[in-house]
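Coordinates as given in entry.cif (mmCIF, C-alpha atoms, pLDDT in the B column; chains and numbers go by the auth columns):
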data_input
#
loop_
_atom_site.group_PDB
_atom_site.id
_atom_site.type_symbol
_atom_site.label_atom_id
_atom_site.label_comp_id
_atom_site.label_asym_id
_atom_site.label_seq_id
_atom_site.Cartn_x
_atom_site.Cartn_y
_atom_site.Cartn_z
_atom_site.B_iso_or_equiv
_atom_site.auth_seq_id
_atom_site.auth_asym_id
ATOM 1 C CA MET A 1 0.000 0.000 0.000 62.00 1 A
ATOM 2 C CA ARG A 2 2.834 2.378 0.882 62.00 2 A
ATOM 3 C CA ASP A 3 4.632 1.761 -2.398 61.00 3 A
ATOM 4 C CA SER A 4 1.361 2.290 -4.288 66.00 4 A
ATOM 5 C CA LEU A 5 0.571 5.616 -2.614 64.00 5 A
ATOM 6 C CA LEU A 6 3.979 7.297 -2.741 62.00 6 A
ATOM 7 C CA PRO A 7 4.328 7.488 -6.560 67.00 7 A
ATOM 8 C CA VAL A 8 1.000 9.345 -6.928 67.00 8 A
ATOM 9 C CA LEU A 9 1.706 11.879 -4.161 68.00 9 A
ATOM 10 C CA PRO A 10 3.912 14.972 -4.349 65.00 10 A
ATOM 11 C CA ASP A 11 7.240 14.544 -2.603 71.00 11 A
ATOM 12 C CA ARG A 12 6.226 16.838 0.265 73.00 12 A
ATOM 13 C CA TYR A 13 3.324 14.496 1.099 72.00 13 A
ATOM 14 C CA HIS A 14 5.220 11.214 0.970 74.00 14 A
ATOM 15 C CA HIS A 15 5.445 10.995 4.737 77.00 15 A
ATOM 16 C CA ILE A 16 1.675 11.443 5.032 82.00 16 A
ATOM 17 C CA GLY A 17 0.989 8.719 2.469 80.00 17 A
ATOM 18 C CA ALA A 18 3.349 6.375 4.285 82.00 18 A
ATOM 19 C CA GLY A 19 1.618 7.097 7.588 84.00 19 A
ATOM 20 C CA ILE A 20 -1.877 6.467 6.184 87.00 20 A
ATOM 21 C CA ALA A 21 -0.808 3.201 4.571 86.00 21 A
ATOM 22 C CA GLY A 22 0.857 2.018 7.775 87.00 22 A
ATOM 23 C CA GLY A 23 -2.135 2.900 9.946 90.00 23 A
ATOM 24 C CA VAL A 24 -4.690 1.163 7.700 91.00 24 A
ATOM 25 C CA ALA A 25 -2.563 -1.954 7.320 90.00 25 A
ATOM 26 C CA ARG A 26 -1.923 -2.201 11.048 91.00 26 A
ATOM 27 C CA SER A 27 -5.622 -1.778 11.886 92.00 27 A
ATOM 28 C CA ILE A 28 -6.467 -4.746 9.665 94.00 28 A
ATOM 29 C CA VAL A 29 -3.769 -6.876 11.263 92.00 29 A
ATOM 30 C CA VAL A 30 -4.843 -5.944 14.819 91.00 30 A
ATOM 31 C CA THR A 31 -8.463 -6.850 14.128 92.00 31 A
ATOM 32 C CA ALA A 32 -7.582 -10.164 12.514 91.00 32 A
ATOM 33 C CA LEU A 33 -5.190 -11.234 15.272 90.00 33 A
ATOM 34 C CA ALA A 34 -7.028 -9.793 18.300 89.00 34 A
ATOM 35 C CA PRO A 35 -8.131 -13.185 19.738 90.00 35 A
ATOM 36 C CA ILE A 36 -4.613 -14.609 19.500 90.00 36 A
ATOM 37 C CA GLU A 37 -3.096 -11.466 21.029 85.00 37 A
ATOM 38 C CA LEU A 38 -5.575 -11.700 23.898 85.00 38 A
ATOM 39 C CA MET A 39 -4.675 -15.311 24.678 88.00 39 A
ATOM 40 C CA ARG A 40 -0.958 -14.523 24.405 86.00 40 A
ATOM 41 C CA THR A 41 -1.320 -11.706 26.929 80.00 41 A
ATOM 42 C CA MET A 42 -3.311 -13.959 29.273 81.00 42 A
ATOM 43 C CA GLN A 43 -0.609 -16.630 29.156 83.00 43 A
ATOM 44 C CA LEU A 44 2.089 -14.022 29.808 78.00 44 A
ATOM 45 C CA GLY A 45 -0.036 -12.852 32.737 74.00 45 A
ATOM 46 C CA GLY A 46 0.285 -16.231 34.410 76.00 46 A
ATOM 47 C CA SER A 47 -2.458 -18.377 32.907 74.00 47 A
ATOM 48 C CA ALA A 48 -1.350 -22.007 32.563 74.00 48 A
ATOM 49 C CA GLN A 49 -4.265 -22.957 30.317 81.00 49 A
ATOM 50 C CA SER A 50 -3.819 -24.156 26.748 84.00 50 A
ATOM 51 C CA MET A 51 -5.165 -22.060 23.875 85.00 51 A
ATOM 52 C CA ALA A 52 -8.167 -24.372 23.592 88.00 52 A
ATOM 53 C CA ALA A 53 -8.942 -24.019 27.303 88.00 53 A
ATOM 54 C CA LEU A 54 -8.434 -20.259 27.154 87.00 54 A
ATOM 55 C CA SER A 55 -10.795 -20.023 24.186 88.00 55 A
ATOM 56 C CA HIS A 56 -13.460 -21.885 26.156 88.00 56 A
ATOM 57 C CA SER A 57 -12.950 -19.682 29.235 86.00 57 A
ATOM 58 C CA ILE A 58 -13.096 -16.470 27.203 86.00 58 A
ATOM 59 C CA TYR A 59 -16.264 -17.551 25.433 89.00 59 A
ATOM 60 C CA THR A 60 -17.841 -18.663 28.729 88.00 60 A
ATOM 61 C CA THR A 61 -17.180 -15.367 30.484 83.00 61 A
ATOM 62 C CA GLY A 62 -17.635 -12.933 27.600 83.00 62 A
ATOM 63 C CA GLY A 63 -19.100 -14.613 24.547 87.00 63 A
ATOM 64 C CA VAL A 64 -17.747 -13.830 21.089 88.00 64 A
ATOM 65 C CA SER A 65 -17.100 -10.214 22.066 86.00 65 A
ATOM 66 C CA GLY A 66 -14.839 -11.507 24.844 85.00 66 A
ATOM 67 C CA PHE A 67 -12.222 -12.392 22.222 89.00 67 A
ATOM 68 C CA TYR A 68 -11.955 -8.695 21.398 88.00 68 A
ATOM 69 C CA ARG A 69 -11.491 -7.467 24.951 82.00 69 A
ATOM 70 C CA GLY A 70 -8.882 -4.718 24.820 77.00 70 A
ATOM 71 C CA TRP A 71 -9.318 -4.315 21.039 86.00 71 A
ATOM 72 C CA SER A 72 -10.109 -0.601 21.242 82.00 72 A
ATOM 73 C CA SER A 73 -7.026 0.181 23.315 76.00 73 A
ATOM 74 C CA THR A 74 -4.939 -2.054 21.050 82.00 74 A
ATOM 75 C CA ILE A 75 -6.134 -0.139 17.992 89.00 75 A
ATOM 76 C CA MET A 76 -5.400 3.122 19.800 83.00 76 A
ATOM 77 C CA ARG A 77 -1.888 1.839 20.403 86.00 77 A
ATOM 78 C CA ASP A 78 -1.010 0.111 17.141 89.00 78 A
ATOM 79 C CA ALA A 79 -2.689 2.256 14.469 92.00 79 A
ATOM 80 C CA PRO A 80 -1.199 5.550 15.730 91.00 80 A
ATOM 81 C CA PHE A 81 2.101 3.725 16.289 93.00 81 A
ATOM 82 C CA SER A 82 2.246 2.775 12.620 93.00 82 A
ATOM 83 C CA VAL A 83 1.134 6.228 11.470 93.00 83 A
ATOM 84 C CA ILE A 84 3.779 7.952 13.618 93.00 84 A
ATOM 85 C CA TYR A 85 6.437 5.379 12.730 94.00 85 A
ATOM 86 C CA TRP A 86 6.082 5.606 8.965 91.00 86 A
ATOM 87 C CA MET A 87 5.652 9.382 8.895 90.00 87 A
ATOM 88 C CA CYS A 88 8.718 9.877 11.084 92.00 88 A
ATOM 89 C CA PHE A 89 10.732 7.304 9.150 92.00 89 A
ATOM 90 C CA GLU A 90 10.369 9.192 5.872 85.00 90 A
ATOM 91 C CA ARG A 91 11.337 12.433 7.606 88.00 91 A
ATOM 92 C CA PHE A 92 14.261 10.989 9.541 92.00 92 A
ATOM 93 C CA LYS A 93 15.528 9.196 6.456 89.00 93 A
ATOM 94 C CA SER A 94 15.686 12.456 4.522 86.00 94 A
ATOM 95 C CA PHE A 95 17.411 14.038 7.551 89.00 95 A
ATOM 96 C CA TYR A 96 19.988 11.321 8.235 89.00 96 A
ATOM 97 C CA ASP A 97 20.867 10.537 4.616 86.00 97 A
ATOM 98 C CA PRO A 98 22.810 13.721 3.844 85.00 98 A
ATOM 99 C CA LEU A 99 24.368 13.819 7.320 82.00 99 A
ATOM 100 C CA LEU A 100 25.143 10.284 8.412 82.00 100 A
ATOM 101 C CA GLY A 101 25.007 8.780 4.927 74.00 101 A
ATOM 102 C CA GLY A 102 27.052 11.604 3.446 76.00 102 A
ATOM 103 C CA TYR A 103 29.703 11.235 6.139 76.00 103 A
ATOM 104 C CA MET A 104 30.005 7.501 5.573 79.00 104 A
ATOM 105 C CA ARG A 105 30.254 7.949 1.815 74.00 105 A
ATOM 106 C CA ASN A 106 33.012 10.515 2.333 77.00 106 A
ATOM 107 C CA GLN A 107 34.855 7.839 4.330 76.00 107 A
ATOM 108 C CA ALA A 108 34.714 5.553 1.283 69.00 108 A
ATOM 109 C CA THR A 109 32.061 3.375 2.884 74.00 109 A
ATOM 110 C CA PRO A 110 30.178 1.255 0.324 79.00 110 A
ATOM 111 C CA ASP A 111 26.932 2.937 -0.661 78.00 111 A
ATOM 112 C CA GLU A 112 24.879 -0.194 0.117 81.00 112 A
ATOM 113 C CA PHE A 113 26.219 -0.319 3.680 84.00 113 A
ATOM 114 C CA SER A 114 25.618 3.391 4.311 85.00 114 A
ATOM 115 C CA LYS A 115 21.999 2.973 3.192 87.00 115 A
ATOM 116 C CA LEU A 116 21.566 0.097 5.646 88.00 116 A
ATOM 117 C CA ILE A 117 22.904 2.229 8.495 90.00 117 A
ATOM 118 C CA VAL A 118 20.683 5.194 7.568 90.00 118 A
ATOM 119 C CA ASN A 119 17.617 2.941 7.407 92.00 119 A
ATOM 120 C CA PHE A 120 18.460 1.307 10.730 94.00 120 A
ATOM 121 C CA VAL A 121 19.007 4.592 12.586 94.00 121 A
ATOM 122 C CA SER A 122 15.921 6.172 11.008 94.00 122 A
ATOM 123 C CA GLY A 123 13.801 3.141 11.886 95.00 123 A
ATOM 124 C CA SER A 124 15.068 2.951 15.454 96.00 124 A
ATOM 125 C CA THR A 125 14.497 6.658 16.068 95.00 125 A
ATOM 126 C CA SER A 126 11.001 6.502 14.573 95.00 126 A
ATOM 127 C CA GLY A 127 10.146 3.406 16.615 95.00 127 A
ATOM 128 C CA SER A 128 11.232 5.020 19.866 95.00 128 A
ATOM 129 C CA MET A 129 9.112 8.118 19.233 95.00 129 A
ATOM 130 C CA ALA A 130 6.056 6.079 18.287 95.00 130 A
ATOM 131 C CA ALA A 131 6.494 3.865 21.358 95.00 131 A
ATOM 132 C CA VAL A 132 6.611 6.809 23.765 95.00 132 A
ATOM 133 C CA PHE A 133 3.490 8.459 22.324 93.00 133 A
ATOM 134 C CA THR A 134 1.420 5.263 22.275 93.00 134 A
ATOM 135 C CA HIS A 135 2.636 3.557 25.452 93.00 135 A
ATOM 136 C CA PRO A 136 -0.311 4.674 27.655 92.00 136 A
ATOM 137 C CA PHE A 137 -2.620 2.694 25.375 89.00 137 A
ATOM 138 C CA ASP A 138 -0.343 -0.342 25.715 88.00 138 A
ATOM 139 C CA VAL A 139 -0.645 -0.105 29.509 90.00 139 A
ATOM 140 C CA LEU A 140 -4.434 0.104 29.254 87.00 140 A
ATOM 141 C CA LYS A 141 -4.635 -2.795 26.794 82.00 141 A
ATOM 142 C CA THR A 142 -2.530 -5.049 29.013 81.00 142 A
ATOM 143 C CA GLN A 143 -4.513 -4.080 32.113 82.00 143 A
ATOM 144 C CA ARG A 144 -7.853 -4.921 30.479 77.00 144 A
ATOM 145 C CA GLN A 145 -6.686 -8.247 29.099 71.00 145 A
ATOM 146 C CA LEU A 146 -5.078 -9.312 32.374 76.00 146 A
ATOM 147 C CA ALA A 147 -8.368 -8.526 34.126 74.00 147 A
ATOM 148 C CA LEU A 148 -9.968 -11.172 31.928 64.00 148 A
ATOM 149 C CA THR A 149 -7.140 -13.566 32.853 62.00 149 A
ATOM 150 C CA ASN A 150 -8.052 -13.241 36.532 59.00 150 A
ATOM 151 C CA LEU A 151 -11.751 -13.774 35.811 55.00 151 A
ATOM 152 C CA SER A 152 -11.071 -16.843 33.679 53.00 152 A
ATOM 153 C CA SER A 153 -8.820 -18.276 36.386 53.00 153 A
ATOM 154 C CA SER A 154 -11.581 -17.761 38.965 53.00 154 A
ATOM 155 C CA VAL A 155 -14.089 -19.584 36.776 49.00 155 A
ATOM 156 C CA SER A 156 -11.632 -22.456 36.277 49.00 156 A
ATOM 157 C CA SER A 157 -11.081 -22.678 40.053 48.00 157 A
ATOM 158 C CA LYS A 158 -14.825 -22.796 40.638 48.00 158 A
ATOM 159 C CA ASN A 159 -15.191 -25.646 38.181 49.00 159 A
ATOM 160 C CA ALA A 160 -12.307 -27.513 39.809 45.00 160 A
ATOM 161 C CA VAL A 161 -13.823 -27.425 43.310 42.00 161 A
ATOM 162 C CA GLN A 162 -17.309 -28.589 42.317 46.00 162 A
ATOM 163 C CA PRO A 163 -16.482 -32.275 43.108 44.00 163 A
ATOM 164 C CA ALA A 164 -15.295 -31.219 46.579 40.00 164 A
ATOM 165 C CA ILE A 165 -18.581 -29.412 47.173 38.00 165 A
ATOM 166 C CA LYS A 166 -20.578 -32.496 46.178 40.00 166 A
ATOM 167 C CA ILE A 167 -18.566 -34.747 48.507 34.00 167 A
ATOM 168 C CA CYS A 168 -19.042 -32.308 51.384 38.00 168 A
ATOM 169 C CA CYS A 169 -22.790 -32.277 50.795 40.00 169 A
ATOM 170 C CA LEU A 170 -22.979 -36.070 50.680 36.00 170 A
ATOM 171 C CA MET A 171 -21.148 -36.316 54.011 35.00 171 A
ATOM 172 C CA SER A 172 -23.513 -33.845 55.665 39.00 172 A
ATOM 173 C CA GLU A 173 -26.990 -34.839 56.907 39.00 173 A
ATOM 174 C CA CYS A 174 -28.396 -31.392 56.197 40.00 174 A
ATOM 175 C CA CYS A 175 -27.625 -28.554 53.873 39.00 175 A
ATOM 176 C CA CYS A 176 -23.923 -28.251 53.167 41.00 176 A
ATOM 177 C CA PRO A 177 -22.358 -25.824 55.666 37.00 177 A
ATOM 178 C CA CYS A 178 -19.316 -25.262 53.412 36.00 178 A
ATOM 179 C CA THR A 179 -17.299 -22.169 54.260 37.00 179 A
ATOM 180 C CA GLY A 180 -13.916 -20.752 53.359 41.00 180 A
ATOM 181 C CA PRO A 181 -12.290 -21.328 49.958 37.00 181 A
ATOM 182 C CA VAL A 182 -14.805 -23.936 48.746 33.00 182 A
ATOM 183 C CA ALA A 183 -17.832 -21.808 49.550 34.00 183 A
ATOM 184 C CA ALA A 184 -16.153 -18.719 48.155 32.00 184 A
ATOM 185 C CA ALA A 185 -15.563 -20.496 44.865 34.00 185 A
ATOM 186 C CA THR A 186 -19.264 -21.122 44.418 35.00 186 A
ATOM 187 C CA SER A 187 -19.900 -17.409 44.188 34.00 187 A
ATOM 188 C CA VAL A 188 -17.696 -17.095 41.120 32.00 188 A
ATOM 189 C CA SER A 189 -20.464 -18.283 38.837 35.00 189 A
ATOM 190 C CA SER A 190 -22.354 -15.090 39.536 37.00 190 A
ATOM 191 C CA GLN A 191 -19.440 -12.907 38.519 36.00 191 A
ATOM 192 C CA GLN A 192 -19.574 -11.113 35.196 36.00 192 A
ATOM 193 C CA PRO A 193 -16.773 -9.498 33.226 38.00 193 A
ATOM 194 C CA PRO A 194 -16.174 -5.890 34.337 46.00 194 A
ATOM 195 C CA ALA A 195 -18.091 -3.350 32.332 43.00 195 A
ATOM 196 C CA SER A 196 -16.014 -2.093 29.404 54.00 196 A
ATOM 197 C CA ALA A 197 -15.155 1.532 30.061 66.00 197 A
ATOM 198 C CA SER A 198 -14.142 3.850 27.262 80.00 198 A
ATOM 199 C CA VAL A 199 -10.473 4.289 26.446 82.00 199 A
ATOM 200 C CA GLY A 200 -10.529 7.789 27.918 86.00 200 A
ATOM 201 C CA GLU A 201 -12.155 6.579 31.130 89.00 201 A
ATOM 202 C CA GLY A 202 -9.635 3.748 31.417 87.00 202 A
ATOM 203 C CA LEU A 203 -6.727 6.163 31.084 90.00 203 A
ATOM 204 C CA ARG A 204 -8.245 8.489 33.677 91.00 204 A
ATOM 205 C CA LYS A 205 -8.554 5.606 36.145 91.00 205 A
ATOM 206 C CA ILE A 206 -4.876 4.754 35.698 91.00 206 A
ATOM 207 C CA VAL A 207 -3.868 8.372 36.316 93.00 207 A
ATOM 208 C CA HIS A 208 -6.145 8.568 39.357 92.00 208 A
ATOM 209 C CA SER A 209 -4.707 5.420 40.945 91.00 209 A
ATOM 210 C CA ARG A 210 -1.049 5.618 39.887 91.00 210 A
ATOM 211 C CA GLY A 211 -0.468 9.141 38.651 92.00 211 A
ATOM 212 C CA ILE A 212 0.953 10.162 35.265 92.00 212 A
ATOM 213 C CA ARG A 213 3.858 7.760 35.758 92.00 213 A
ATOM 214 C CA GLY A 214 1.389 4.895 35.713 92.00 214 A
ATOM 215 C CA LEU A 215 0.708 5.590 32.027 92.00 215 A
ATOM 216 C CA PHE A 216 4.356 4.877 31.235 93.00 216 A
ATOM 217 C CA LYS A 217 4.940 1.838 33.409 92.00 217 A
ATOM 218 C CA GLY A 218 7.116 -0.671 31.554 92.00 218 A
ATOM 219 C CA LEU A 219 8.178 1.840 28.899 94.00 219 A
ATOM 220 C CA SER A 220 11.878 1.050 29.281 94.00 220 A
ATOM 221 C CA MET A 221 11.288 -2.646 28.619 93.00 221 A
ATOM 222 C CA ARG A 222 9.113 -1.838 25.615 93.00 222 A
ATOM 223 C CA LEU A 223 11.763 0.479 24.192 95.00 223 A
ATOM 224 C CA ALA A 224 14.393 -2.223 24.720 95.00 224 A
ATOM 225 C CA THR A 225 12.561 -4.395 22.184 94.00 225 A
ATOM 226 C CA ILE A 226 11.003 -1.797 19.875 94.00 226 A
ATOM 227 C CA VAL A 227 14.092 0.336 19.193 95.00 227 A
ATOM 228 C CA PRO A 228 16.290 -2.456 17.781 95.00 228 A
ATOM 229 C CA GLY A 229 13.285 -4.315 16.366 95.00 229 A
ATOM 230 C CA SER A 230 12.063 -1.297 14.411 94.00 230 A
ATOM 231 C CA GLY A 231 15.519 -0.706 13.001 94.00 231 A
ATOM 232 C CA ILE A 232 16.004 -4.338 11.977 95.00 232 A
ATOM 233 C CA MET A 233 12.512 -4.548 10.451 93.00 233 A
ATOM 234 C CA ILE A 234 12.814 -1.509 8.190 93.00 234 A
ATOM 235 C CA THR A 235 16.422 -2.269 7.268 93.00 235 A
ATOM 236 C CA THR A 236 15.447 -5.779 6.173 93.00 236 A
ATOM 237 C CA TYR A 237 12.400 -4.446 4.304 89.00 237 A
ATOM 238 C CA GLU A 238 14.339 -1.786 2.388 87.00 238 A
ATOM 239 C CA PHE A 239 17.157 -4.228 1.605 88.00 239 A
ATOM 240 C CA ALA A 240 14.729 -6.875 0.354 89.00 240 A
ATOM 241 C CA LYS A 241 13.283 -4.388 -2.144 84.00 241 A
ATOM 242 C CA THR A 242 16.701 -4.097 -3.798 83.00 242 A
ATOM 243 C CA ILE A 243 16.981 -7.849 -4.405 83.00 243 A
ATOM 244 C CA PRO A 244 16.153 -8.642 -8.046 79.00 244 A
ATOM 245 C CA ILE A 245 13.480 -11.316 -8.404 70.00 245 A
#
Target encoding structure tokens, full file:
Amino acid sequence: MRDSLLPVLPDRYHHIGAGIAGGVARSIVVTALAPIELMRTMQLGGSAQSMAALSHSIYTTGGVSGFYRGWSSTIMRDAPFSVIYWMCFERFKSFYDPLLGGYMRNQATPDEFSKLIVNFVSGSTSGSMAAVFTHPFDVLKTQRQLALTNLSSSVSSKNAVQPAIKICCLMSECCCPCTGPVAAATSVSSQQPPASASVGEGLRKIVHSRGIRGLFKGLSMRLATIVPGSGIMITTYEFAKTIPI
């Protein structure tokens, strides 16, 4: 899409065309892979269930829409990330090429290698900027999906203790006087997934409970993967376009 838009746009609008193409493409990918991303986050959050068991738990607690829990905050993270990334990449590339690329060419560095370095630095810089601007939505997305992990785990625990409840009732001559963990588990069936607040409301709750810093929790770890990853991705992409097929 990017390569189709750029030739029909004036040079001064190339960065805008790249941003639009990146945002649309990423929105399609996010929507298609939302259920898998949800289950991945739940497993990273501590769930030991298989994907099949997670699918059953998600459907039990939230129906089909449960598979798209956190979708809105994911879109608010990934679509703007791609728009910012591709717009900044075109700008940074035009900035770094005469400076960094020109310096390397003056040092008799092969032109192919200098282009790789310019692409890598431009991609890494663009990725870091996009990550900082969109990180609050990543925090909100993870928080919402982990909330579903806890609910699914509670439902699984309730199902696991049902045999114990039956045995207790059989051993009692009257109504089962179960208390403590077993009795508490029986109340899980009445629990419903938390009402889905808007993205804005979710962000306000984070600020209220943790302050502004709460919106950027885990940013350093995210940058540790996005900065090199963004550089490697765009460098590989631009290099692959030069390979004759």
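The spacing separating atom CA of A:Ala240 from atom CA of A:Pro110 amounts to 17.5 Å.
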Per residue of stretch 43-133 of chain A within 12 Å of stretch 198-206 of chain A, record the nearest atom pair and its distance in Å to one decimal, counting only C-alpha atoms, with rows in chain order and ascending residue number, as a tab-separated table.
residue	atom	partner	partner_atom	distance
A:Arg69	CA	A:Ser198	CA	11.9
A:Gly70	CA	A:Val199	CA	9.3
A:Trp71	CA	A:Val199	CA	10.2
A:Ser72	CA	A:Val199	CA	7.2
A:Ser73	CA	A:Val199	CA	6.2
A:Thr74	CA	A:Val199	CA	10.0
A:Ile75	CA	A:Val199	CA	10.5
A:Met76	CA	A:Val199	CA	8.4
A:Arg77	CA	A:Val199	CA	10.8
* Asked: Could you spell out the hits of the PyMOL selection byres ((chain A and resi 30) around 9) on the shown file, as a list of chain:residue names?
  ->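 What the PyMOL selection byres ((chain A and resi 30) around 9) grabs from the file is A:Ala25, A:Arg26, A:Ser27, A:Ile28, A:Val29, A:Thr31, A:Ala32, A:Leu33, A:Ala34, A:Glu37, A:Trp71, A:Thr74, A:Ile75, A:Asp78, A:Ala79.
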* Asked: Contacts of stretch 217-221 of chain A at 12 Å or less, counting only C-alpha atoms, minus same-chain residues fewer than 6 places along, as JSON, numbers by chain?
  -> {"A": [128, 129, 130, 131, 132, 133, 134, 135, 136, 137, 138, 139, 140, 142, 143, 206, 207, 210, 211, 227, 228]}
* **Residues within 12 Å of (-10.9, -23.7, 25.8), file coords, only C-alpha atoms, listed as a ChimeraX atom specification** => /A:39,48-61,67,152,156
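For the choices A:Ala147, A:Cys88, A:Val24, A:Ala18, the atom-to-atom distance to A:Gly66 is smallest for A:Ala147 when using all atoms listed in the file.
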* To do: On this file, the PyMOL selection byres ((chain A and resi 115) around 12) gives some set of residues; write that set as a count of residues only.
  => 32
* **Given only C-alpha atoms as the counted atoms, nearest of A:Phe216, A:Tyr13, A:Tyr68, A:Phe81 to A:Pro35** => A:Tyr68
* Structure fact -> re atom CA of A:Gln145 and atom CA of A:Leu215: distance 16.0 Å
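Using all atoms listed in the file, the smallest distance between any of A:Pro80, A:Val64, A:Gly46, A:Met87 and A:Arg12 comes from A:Met87.
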* **Atom pair atom CA of A:Tyr85 / atom CA of A:Ser65: separation (Å)** => 29.7 Å
